[in-house]
Amino acid sequence: MTVQPLARPLVSQPAPHPAKLETVLPERAFGQPGAVPQRETVEEERLYRKQRLAAGYRLFARNGFDMGGAGHITARDPEFPDQFWVNPAGVHFSRITVSDLMLVDHEGQIVEPPARAKPRLNRAAFAIHSELHKARPDVIAAAHSHSLYGKAWSALGRLLDPLTQDAAAFYDDHSIFAKFSGVVLDTSEGEKIAEALGPRKAVILQNHGILTVGQSVEAAVWRYLAMENACQVQLLAEAAGQTRPMPPEVARRTAGQVGSEIGGIYAFQPYWDVVSDEEPDLFD
């Protein structure tokens with residue numbers, strides 16, 4: 001696997017200070033299913049995804065999901081579906097900008113390097129995300145980090161219970177990868193994680209942490225925030241006493257109400273508004 005950039009990038013760099021692309025929310029109720037909105041041109045869609053991706057890293061930093069060099073969020077390129085945007089290793093999440101993101105193909109080759117940072121590819125990010133994107137053409141983005149409560153819950157080797165309305169979003173729609181064998185540096189391990197994820201929106205990586213996916217960057221990042229919160233709530237609830245999960249039929253209905261792709265976009269929007277207004281350098 002090579003991590004050196006090609007002599008000529010396949011896609012053009014955005015303008016030095018690209019415009020902030022606003023979210024166009026569909027005219028649907030929060031919990032209703034529907035297609036994820038797309039921008040009119042490939043260039044606008046690419047920039048839109050990259051801006052949300054940079055904001056996602058900033059949100060991870062704000063929430064303490066930035067332990068060492070661990071963690072990565074990726075976004076599939078809208079023009080080249082076998083390539084994805086990811087952060088360069090060694091740049092703190094709180095400093096990720098749109099121009100820092102680099103484009104990587106499924107062979108681990110850096111197609112477009114970051115504008116300023118060194119073009120370092122996190123081998124674990126490549127090993128996991130390349131296989132997820134291969135196995136799930138519907139997945140636009142995937143998010144993983146070593147957050148505190150996700151790691152703690154992963155050590156139990158259990159699925160989350162539908163203890164709350166928020167946790168019910170993952171009911172019957174997440175799985176466990178129970179074969180931890182060390183740091184994921186080989187694509188064969190990524191294949192196994194993708195197999196464990198299957199068609200679901202999230203997977204608990206036993207003894208490792210959590211991972212979420214979505215048909216938009218917004219949904220993938222929001223689901224990570226929500227799943228981390230669900231892990232925290234269940235750990236607290238079980239420490240306090242006997243829990244009372246929802247009946248399956250109630251959990252299933254609630255999942256349909258709060259777990260949709262469009263719901264993820266709506267839920268992400270207030271976070272986007274805050275971080276993009278307070279940290280405008282992410283657009284650099």
# chains A, B, ... in the order shown; residues from 1 in each chain; ligands from 1

call {"tool": "closest_atom_pairs", "arguments": {"of": "stretch 69-179 of chain A", "to": "stretch 44-65 of chain A", "cutoff": "7 Å", "atoms": "only C-alpha atoms", "output": "JSON lines"}}
result
{"residue": "A:Ala75", "atom": "CA", "partner": "A:Arg49", "partner_atom": "CA", "distance": 6.7}
{"residue": "A:Asp77", "atom": "CA", "partner": "A:Arg46", "partner_atom": "CA", "distance": 6.3}
{"residue": "A:Pro78", "atom": "CA", "partner": "A:Arg46", "partner_atom": "CA", "distance": 6.1}
{"residue": "A:Phe93", "atom": "CA", "partner": "A:Tyr57", "partner_atom": "CA", "distance": 5.0}
{"residue": "A:Ser94", "atom": "CA", "partner": "A:Arg58", "partner_atom": "CA", "distance": 4.8}
{"residue": "A:Ile96", "atom": "CA", "partner": "A:Ala54", "partner_atom": "CA", "distance": 5.8}
{"residue": "A:Thr97", "atom": "CA", "partner": "A:Ala54", "partner_atom": "CA", "distance": 5.6}
{"residue": "A:Val98", "atom": "CA", "partner": "A:Ala54", "partner_atom": "CA", "distance": 5.7}
{"residue": "A:Ser145", "atom": "CA", "partner": "A:Phe65", "partner_atom": "CA", "distance": 6.1}
{"residue": "A:His146", "atom": "CA", "partner": "A:Phe65", "partner_atom": "CA", "distance": 6.2}
{"residue": "A:Ser147", "atom": "CA", "partner": "A:Phe65", "partner_atom": "CA", "distance": 4.8}

call {"tool": "residues_around", "arguments": {"residues": "stretch 120-128 of chain A", "least_positions_apart": "3", "cutoff": "10 Å", "atoms": "only C-alpha atoms", "output": "PyMOL selection string"}}
result
chain A and resi 1-5+69-74+84+86-91+102+104-110+113-114+117+131-133+142-144+183-194

call {"tool": "select_by_dssp", "arguments": {"residues": "stretch 195-244 of chain A", "states": "strand (DSSP E or B)", "output": "list of chain:residue names"}}
result
A:Ala202, A:Val203, A:Ile204, A:Leu205, A:Gly209, A:Ile210, A:Leu211, A:Thr212, A:Val213, A:Gly214

call {"tool": "atom_distance", "arguments": {"atom1": "atom CA of A:Val36", "atom2": "atom CA of A:Val221"}}
result
14.9 Å

call {"tool": "select_by_dssp", "arguments": {"residues": "stretch 10-212 of chain A", "states": "helix (DSSP H, G or I)", "output": "PyMOL selection string"}}
result
chain A and resi 42-62+93-95+98-100+123-135+148-154+167-170+187-197

call {"tool": "closest_residue", "arguments": {"among": "A:Gln232, A:Ser99, A:Thr41, A:Ser216", "to": "A:Glu79", "atoms": "only C-alpha atoms"}}
result
A:Thr41

call {"tool": "atom_distance", "arguments": {"atom1": "atom CA of A:Ile140", "atom2": "atom CA of A:Ile265"}}
result
12.9 Å

call {"tool": "atom_distance", "arguments": {"atom1": "atom CA of A:Tyr149", "atom2": "atom CA of A:Glu278"}}
result
26.7 Å

call {"tool": "residues_around", "arguments": {"residues": "stretch 163-175 of chain A", "least_positions_apart": "3", "cutoff": "7 Å", "atoms": "only C-alpha atoms", "output": "list in words"}}
result
Leu159, Ala196, Leu197, Arg200, Lys201, Ala202, Val203, Ile204, Ala230, Arg244, Pro245, Met246, Ala251, Arg252, Thr254, Ala255, Val258 and Gly259 of chain A

call {"tool": "residues_around", "arguments": {"residues": "A:Val233", "least_positions_apart": "2", "cutoff": "12 Å", "atoms": "only C-alpha atoms", "output": "list in words"}}
result
Tyr149, Gly150, Ala152, Trp153, Leu160, Asp161, Pro162, Leu163, Thr164, Gln165, Asp166, Ala167, Ala226, Met227, Glu228, Asn229, Ala230, Cys231, Leu235, Leu236, Ala237, Glu238, Ala239, Ala240 and Thr243 of chain A

call {"tool": "write_last_selection", "arguments": {"atoms": "C-alpha atoms", "output": "CSV table (one decimal), in the first residue's frame"}}
result
chain,number,residue,atom,x,y,z
A,149,TYR,CA,-18.6,5.5,26.8
A,150,GLY,CA,-18.5,3.7,23.4
A,152,ALA,CA,-16.7,1.1,27.9
A,153,TRP,CA,-19.9,-0.4,26.5
A,160,LEU,CA,-27.7,-1.8,23.3
A,161,ASP,CA,-31.2,-2.1,24.8
A,162,PRO,CA,-34.0,0.3,23.8
A,163,LEU,CA,-34.0,2.0,27.2
A,164,THR,CA,-34.9,5.5,25.8
A,165,GLN,CA,-36.4,7.1,22.8
A,166,ASP,CA,-33.0,8.1,21.5
A,167,ALA,CA,-31.5,4.6,22.0
A,226,ALA,CA,-26.4,9.5,19.5
A,227,MET,CA,-24.9,6.1,20.0
A,228,GLU,CA,-22.2,7.4,22.3
A,229,ASN,CA,-25.0,9.0,24.3
A,230,ALA,CA,-27.0,5.7,24.3
A,231,CYS,CA,-23.9,3.8,25.6
A,235,LEU,CA,-24.1,2.3,31.6
A,236,LEU,CA,-25.6,4.8,34.1
A,237,ALA,CA,-29.0,3.1,34.2
A,238,GLU,CA,-27.6,-0.3,34.8
A,239,ALA,CA,-25.3,1.0,37.5
A,240,ALA,CA,-28.4,2.5,39.2
A,243,THR,CA,-33.6,-1.4,33.8

call {"tool": "decode", "arguments": {"residues": "stretch 65-80 of chain A", "atoms": "N, CA and C atoms", "output": "PDB file, in the first residue's frame"}}
result
ATOM      1  N   PHE A  65     -13.885  13.234  21.466  1.00  0.00           N
ATOM      2  CA  PHE A  65     -13.668  11.995  20.706  1.00  0.00           C
ATOM      3  C   PHE A  65     -12.354  12.088  19.924  1.00  0.00           C
ATOM      4  N   ASP A  66     -11.309  12.565  20.576  1.00  0.00           N
ATOM      5  CA  ASP A  66     -10.063  12.878  19.868  1.00  0.00           C
ATOM      6  C   ASP A  66      -8.849  12.324  20.612  1.00  0.00           C
ATOM      7  N   MET A  67      -8.963  11.090  21.077  1.00  0.00           N
ATOM      8  CA  MET A  67      -7.895  10.501  21.874  1.00  0.00           C
ATOM      9  C   MET A  67      -6.708  10.125  20.983  1.00  0.00           C
ATOM     10  N   GLY A  68      -5.604  10.808  21.181  1.00  0.00           N
ATOM     11  CA  GLY A  68      -4.413  10.511  20.392  1.00  0.00           C
ATOM     12  C   GLY A  68      -4.679  10.648  18.907  1.00  0.00           C
ATOM     13  N   GLY A  69      -4.186   9.703  18.146  1.00  0.00           N
ATOM     14  CA  GLY A  69      -4.411   9.713  16.705  1.00  0.00           C
ATOM     15  C   GLY A  69      -5.549   8.823  16.283  1.00  0.00           C
ATOM     16  N   ALA A  70      -6.352   8.358  17.240  1.00  0.00           N
ATOM     17  CA  ALA A  70      -7.415   7.408  16.923  1.00  0.00           C
ATOM     18  C   ALA A  70      -8.648   8.113  16.378  1.00  0.00           C
ATOM     19  N   GLY A  71      -9.351   7.435  15.516  1.00  0.00           N
ATOM     20  CA  GLY A  71     -10.625   7.928  15.014  1.00  0.00           C
ATOM     21  C   GLY A  71     -10.543   8.479  13.608  1.00  0.00           C
ATOM     22  N   HIS A  72     -11.637   8.360  12.888  1.00  0.00           N
ATOM     23  CA  HIS A  72     -11.686   8.826  11.511  1.00  0.00           C
ATOM     24  C   HIS A  72     -13.129   8.874  11.032  1.00  0.00           C
ATOM     25  N   ILE A  73     -13.421   9.868  10.217  1.00  0.00           N
ATOM     26  CA  ILE A  73     -14.707   9.979   9.526  1.00  0.00           C
ATOM     27  C   ILE A  73     -14.389  10.068   8.049  1.00  0.00           C
ATOM     28  N   THR A  74     -15.146   9.374   7.219  1.00  0.00           N
ATOM     29  CA  THR A  74     -14.903   9.421   5.784  1.00  0.00           C
ATOM     30  C   THR A  74     -16.177   9.798   5.048  1.00  0.00           C
ATOM     31  N   ALA A  75     -15.992  10.384   3.853  1.00  0.00           N
ATOM     32  CA  ALA A  75     -17.118  10.733   2.991  1.00  0.00           C
ATOM     33  C   ALA A  75     -16.798  10.292   1.566  1.00  0.00           C
ATOM     34  N   ARG A  76     -17.673   9.502   0.977  1.00  0.00           N
ATOM     35  CA  ARG A  76     -17.485   9.038  -0.392  1.00  0.00           C
ATOM     36  C   ARG A  76     -17.543  10.231  -1.358  1.00  0.00           C
ATOM     37  N   ASP A  77     -16.681  10.218  -2.363  1.00  0.00           N
ATOM     38  CA  ASP A  77     -16.711  11.272  -3.365  1.00  0.00           C
ATOM     39  C   ASP A  77     -17.914  11.065  -4.284  1.00  0.00           C
ATOM     40  N   PRO A  78     -18.657  12.128  -4.638  1.00  0.00           N
ATOM     41  CA  PRO A  78     -19.856  11.955  -5.450  1.00  0.00           C
ATOM     42  C   PRO A  78     -19.574  11.617  -6.910  1.00  0.00           C
ATOM     43  N   GLU A  79     -18.363  11.925  -7.399  1.00  0.00           N
ATOM     44  CA  GLU A  79     -18.020  11.652  -8.789  1.00  0.00           C
ATOM     45  C   GLU A  79     -17.282  10.331  -8.955  1.00  0.00           C
ATOM     46  N   PHE A  80     -16.427  10.016  -7.988  1.00  0.00           N
ATOM     47  CA  PHE A  80     -15.633   8.795  -8.025  1.00  0.00           C
ATOM     48  C   PHE A  80     -16.020   7.932  -6.825  1.00  0.00           C
TER      49      PHE A  80
END
